[in-house]
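Asks: For reference, this is target19.txt, and it has compact mmCIF, C-alpha atoms.
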```
# COMPACT_ATOMS: atom_id res chain seq x y z
CA MET A 1 20.26 4.74 4.57
CA SER A 2 21.88 6.23 1.51
CA TRP A 3 19.36 5.03 -1.08
CA PHE A 4 16.70 7.43 0.21
CA THR A 5 16.66 10.61 -1.85
CA HIS A 6 14.41 12.80 0.33
CA ARG A 7 14.46 13.52 4.08
CA PHE A 8 12.52 15.73 6.46
CA GLU A 9 11.23 15.81 10.04
CA THR A 10 7.57 15.88 10.95
CA ALA A 11 5.11 14.73 13.57
CA ILE A 12 2.99 11.62 13.34
CA VAL A 13 -0.65 12.75 13.24
CA ARG A 14 -4.19 11.36 13.14
CA HIS A 15 -5.62 12.50 9.82
CA PRO A 16 -9.34 12.47 8.97
CA VAL A 17 -10.26 11.12 5.54
CA GLY A 18 -14.02 10.96 5.12
CA SER A 19 -15.39 9.19 8.17
CA MET A 20 -12.07 7.47 8.94
CA ARG A 21 -9.03 8.69 10.87
CA TYR A 22 -5.64 7.35 9.83
CA THR A 23 -2.24 7.52 11.51
CA VAL A 24 -0.06 9.35 8.99
CA VAL A 25 2.81 11.68 8.29
CA LEU A 26 2.22 14.67 6.05
CA LEU A 27 4.65 15.40 3.22
CA ASP A 28 6.81 18.46 3.81
CA GLU A 29 5.27 21.21 1.66
CA ALA A 30 8.76 22.21 0.46
CA LEU A 31 8.87 18.90 -1.43
CA HIS A 32 5.53 19.31 -3.25
CA ASP A 33 7.11 20.98 -6.29
CA THR A 34 10.10 18.63 -6.42
CA LEU A 35 8.04 15.45 -6.80
CA PRO A 36 5.83 14.33 -9.74
CA LEU A 37 2.64 14.64 -7.65
CA GLN A 38 0.56 16.08 -10.49
CA GLU A 39 1.53 13.22 -12.79
CA HIS A 40 1.20 10.60 -10.03
CA PRO A 41 -1.27 11.85 -7.39
CA ARG A 42 -0.73 8.62 -5.44
CA LEU A 43 3.04 8.58 -5.68
CA ARG A 44 4.44 5.14 -4.75
CA ILE A 45 7.38 5.29 -2.35
CA GLU A 46 9.58 3.24 -0.08
CA ALA A 47 10.34 4.95 3.22
CA ASP A 48 11.77 4.80 6.69
CA VAL A 49 9.60 6.65 9.22
CA GLY A 50 11.34 6.91 12.57
CA GLY A 51 12.99 3.53 12.03
CA VAL A 52 9.82 1.85 10.72
CA PRO A 53 10.03 0.63 7.10
CA VAL A 54 6.98 1.64 5.05
CA LYS A 55 6.07 0.91 1.46
CA GLY A 56 3.08 2.92 0.28
CA ALA A 57 2.06 6.09 -1.47
CA TRP A 58 1.83 9.80 -0.85
CA GLN A 59 -1.93 10.33 -1.20
CA PRO A 60 -3.66 13.68 -1.74
CA SER A 61 -6.05 15.26 0.76
CA ARG A 62 -7.04 18.92 0.94
CA GLY A 63 -3.99 20.21 -0.91
CA ARG A 64 -1.53 18.12 1.13
CA TRP A 65 -0.15 14.61 0.70
CA TYR A 66 -0.10 12.01 3.46
CA LEU A 67 1.48 8.59 3.95
CA MET A 68 -0.52 6.04 5.96
CA LEU A 69 1.53 4.27 8.62
CA PRO A 70 1.18 0.63 9.74
CA LYS A 71 -0.13 0.42 13.31
CA ALA A 72 1.64 -2.72 14.56
CA PRO A 73 5.19 -1.68 13.55
CA LEU A 74 4.61 1.82 14.96
CA LYS A 75 3.48 0.31 18.26
CA ALA A 76 6.46 -2.05 18.30
CA ALA A 77 8.77 0.94 17.76
CA GLY A 78 7.04 2.86 20.57
CA LEU A 79 5.84 5.61 18.23
CA HIS A 80 2.54 7.46 18.68
CA PRO A 81 0.69 10.45 17.20
CA GLY A 82 2.47 13.60 18.29
CA ASP A 83 5.96 12.06 18.13
CA VAL A 84 8.39 13.86 15.82
CA VAL A 85 10.17 11.49 13.43
CA GLU A 86 12.57 11.65 10.52
CA VAL A 87 10.99 10.57 7.24
CA ALA A 88 13.41 9.33 4.60
CA PHE A 89 12.02 8.07 1.30
CA ARG A 90 12.59 7.39 -2.36
CA VAL A 91 10.17 7.18 -5.27
CA ILE A 92 9.75 3.64 -6.64
CA ALA A 93 8.25 2.30 -9.86
CA GLN A 94 4.60 3.33 -9.97
CA ASP A 95 3.50 -0.12 -11.10
CA ASP A 96 5.39 -1.84 -8.25
CA VAL A 97 3.50 -4.76 -6.66
CA ASP A 98 4.73 -7.02 -3.83
CA VAL A 99 3.24 -10.42 -4.67
CA PRO A 100 2.91 -12.92 -1.78
CA THR A 101 5.08 -16.02 -2.25
CA GLU A 102 2.17 -18.47 -2.52
CA LEU A 103 0.44 -16.34 -5.16
CA ALA A 104 3.70 -15.91 -7.11
CA GLU A 105 4.10 -19.70 -7.17
CA ARG A 106 0.57 -20.18 -8.52
CA LEU A 107 1.12 -17.47 -11.15
CA ALA A 108 4.31 -19.21 -12.27
CA HIS A 109 2.58 -22.58 -12.71
CA VAL A 110 -0.91 -21.74 -14.01
CA LYS A 111 -0.77 -19.93 -17.37
CA ARG A 112 -4.48 -18.94 -17.41
CA LEU A 113 -4.09 -17.47 -13.94
CA ARG A 114 -0.98 -15.52 -15.00
CA ALA A 115 -2.76 -14.14 -18.06
CA ALA A 116 -5.71 -13.04 -15.91
CA TRP A 117 -3.33 -11.44 -13.38
CA ASP A 118 -1.51 -9.55 -16.13
CA ARG A 119 -4.83 -8.05 -17.33
CA GLN A 120 -5.35 -6.39 -13.92
CA THR A 121 -4.14 -2.89 -13.12
CA PRO A 122 -1.26 -2.52 -10.65
CA GLY A 123 -3.76 -1.12 -8.13
CA THR A 124 -5.97 -4.20 -8.40
CA GLN A 125 -2.90 -6.44 -8.18
CA ARG A 126 -1.80 -4.61 -5.01
CA GLY A 127 -5.30 -4.99 -3.56
CA LEU A 128 -5.41 -8.73 -4.26
CA SER A 129 -1.89 -9.17 -2.86
CA HIS A 130 -2.79 -7.23 0.27
CA TYR A 131 -5.95 -9.30 0.71
CA ILE A 132 -3.83 -12.46 0.90
CA GLU A 133 -0.91 -10.92 2.78
CA SER A 134 -3.08 -9.37 5.51
CA ALA A 135 -4.37 -12.75 6.71
CA LYS A 136 -2.77 -13.72 10.00
CA ARG A 137 -3.35 -17.47 9.94
CA ALA A 138 -2.04 -19.91 7.31
CA ASP A 139 -5.47 -21.44 6.71
CA THR A 140 -6.97 -17.98 6.13
CA ARG A 141 -4.17 -17.15 3.67
CA ALA A 142 -4.84 -20.40 1.81
CA ALA A 143 -8.58 -19.69 1.64
CA ARG A 144 -7.93 -16.16 0.41
CA LEU A 145 -5.50 -17.45 -2.22
CA GLN A 146 -8.25 -19.76 -3.52
CA GLN A 147 -10.73 -16.87 -3.53
CA VAL A 148 -8.32 -14.62 -5.45
CA GLU A 149 -7.61 -17.40 -7.94
CA ALA A 150 -11.35 -17.96 -8.49
CA ALA A 151 -11.93 -14.21 -8.91
CA LEU A 152 -9.14 -13.90 -11.47
CA LEU A 153 -10.47 -16.88 -13.42
CA GLY A 154 -13.98 -15.42 -13.36
CA THR A 155 -15.67 -18.09 -11.25
CA ALA A 156 -16.17 -15.85 -8.20
CA PRO A 157 -16.46 -12.11 -7.53
CA MET A 158 -13.49 -10.02 -6.47
CA PRO A 159 -12.99 -10.24 -2.68
CA TRP A 160 -14.15 -6.66 -2.18
CA ALA A 161 -17.30 -7.02 -4.30
CA ARG A 162 -20.37 -6.56 -2.16
CA THR A 163 -23.32 -8.83 -2.60
CA ARG A 164 -26.71 -7.27 -2.08
CA THR A 165 -29.40 -8.94 -0.07
CA PRO A 166 -33.02 -8.26 -1.01
```
Could you take the file, read its structure, and then write that structure out as structure tokens?
Replies:
Amino acid sequence: MSWFTHRFETAIVRHPVGSMRYTVVLLDEALHDTLPLQEHPRLRIEADVGGVPVKGAWQPSRGRWYLMLPKAPLKAAGLHPGDVVEVAFRVIAQDDVDVPTELAERLAHVKRLRAAWDRQTPGTQRGLSHYIESAKRADTRAARLQQVEAALLGTAPMPWARTRTP
């Protein structure tokens, strides 16, 4: 696809980050100096990884940058850790947020909600969008939309806020 500005080949790997292990590709070291990684340590990109579309960020870890890969699309494409793939990507706007349709409709119709949304950072907006988007069932998506709306309006905690039990 011609709109991608960078290409390289690499293997899909399992990458430890803290106590977690993620399925990732590592950024070709030859590209480190050509990208604004110092200015944007979590550089937002749109990519094609072995035929799997990915929208995410190059994230730093131990002097390298990695891109987390979605498990279900990788599985559907028959890709596994160890497979060598072509990675083609382009840098996108760093404040880019994909807003789920049902949330976008609420933001368009409820001015107080839109104002509260606009006060959030792009990272928080992405987190709230992902929280809704990651629900598999329609009723779960609807419940999460209500929870996000309440959190933005200050009547409930953010979905990721932990409550402590005595």
Asks: Given only C-alpha atoms as the basis, pick out the residue of A:Leu31, A:Ala76, A:Ala88, A:Leu152 nearest to Arg7 in chain A.
Replies: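 Under the stated criterion, the closest residue is A:Ala88.
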Asks: Provide the CA of Trp3 in chain A to CA of Leu67 in chain A distance in Å, to one decimal place.
Replies: 18.9 Å
Asks: Could you check which of A:Leu153, A:Val54, A:Leu103, A:Leu79 is closest to Tyr131 in chain A, using all atoms listed in the file?
Replies: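 Between A:Leu153, A:Val54, A:Leu103, A:Leu79, the residue approaching Tyr131 in chain A most closely is A:Leu103.
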Asks: Rounded to one decimal, what separation in Å do you get between CA of Lys55 in chain A and CA of Glu133 in chain A?
Replies: 13.8 Å
Asks: For range 106-119 of chain A, list every protein, DNA or RNA residue within 9 Å, evaluated using all atoms listed in the file, and leave out those in the same chain fewer than 2 positions away; present the list as a ChimeraX atom specification.
Replies: /A:101-104,121-122,125,149,152-154
Asks: Need to verify the contact set: Gly63 in chain A, 12 Å, all atoms listed in the file, exclusion of same-chain residues closer than 4 positions in sequence. Can you return it as a list in words?
Replies: Leu26, Leu27, Asp28, Glu29, His32, Leu37, Gln38, Pro41, Trp58 and Gln59 of chain A
Asks: Using all atoms listed in the file, can you tell me which of A:Met68, A:Ala57, A:Ala77, A:Val87 comes closest to Phe4 in chain A?
Replies: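 Nearest to Phe4 in chain A: A:Val87.
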Asks: In file coordinates, which residues lie within 12 Å of (3.6, -2.5, 13.8) using all atoms listed in the file, given as a list of chain:residue names?
Replies: A:Thr23, A:Val49, A:Gly51, A:Val52, A:Pro53, A:Val54, A:Leu69, A:Pro70, A:Lys71, A:Ala72, A:Pro73, A:Leu74, A:Lys75, A:Ala76, A:Ala77, A:Gly78, A:Leu79, A:His80
Asks: Between CA of Val84 in chain A and CA of Pro60 in chain A, what is the distance, to one decimal in Å?
Replies: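 Result for CA of Val84 in chain A versus CA of Pro60 in chain A: 21.3 Å, one decimal.
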Asks: Fewer than 5 positions away in the same chain doesn't count, so skip those; otherwise give me all residues within 7 Å of Ile45 in chain A, counting all atoms listed in the file, as a list in words.
Replies: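 Residues near the query, excluding close chain neighbours: Lys55, Gly56, Ala57, Phe89, Arg90, Val91 and Ile92 of chain A.
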Asks: Convert the current residue selection to file output with C-alpha atoms, as an mmCIF file, in the coordinates of the input.
Replies:
```
data_model
loop_
_atom_site.group_PDB
_atom_site.id
_atom_site.type_symbol
_atom_site.label_atom_id
_atom_site.label_comp_id
_atom_site.auth_asym_id
_atom_site.auth_seq_id
_atom_site.Cartn_x
_atom_site.Cartn_y
_atom_site.Cartn_z
ATOM 1 C CA LYS A 55 6.070 0.910 1.460
ATOM 2 C CA GLY A 56 3.080 2.920 0.280
ATOM 3 C CA ALA A 57 2.060 6.090 -1.470
ATOM 4 C CA PHE A 89 12.020 8.070 1.300
ATOM 5 C CA ARG A 90 12.590 7.390 -2.360
ATOM 6 C CA VAL A 91 10.170 7.180 -5.270
ATOM 7 C CA ILE A 92 9.750 3.640 -6.640
#
```
Asks: Have a look at A:Ser19, A:Val13, A:Pro100, A:Glu105 and name the one nearest to Ala135 in chain A; count all atoms listed in the file.
Replies: A:Pro100
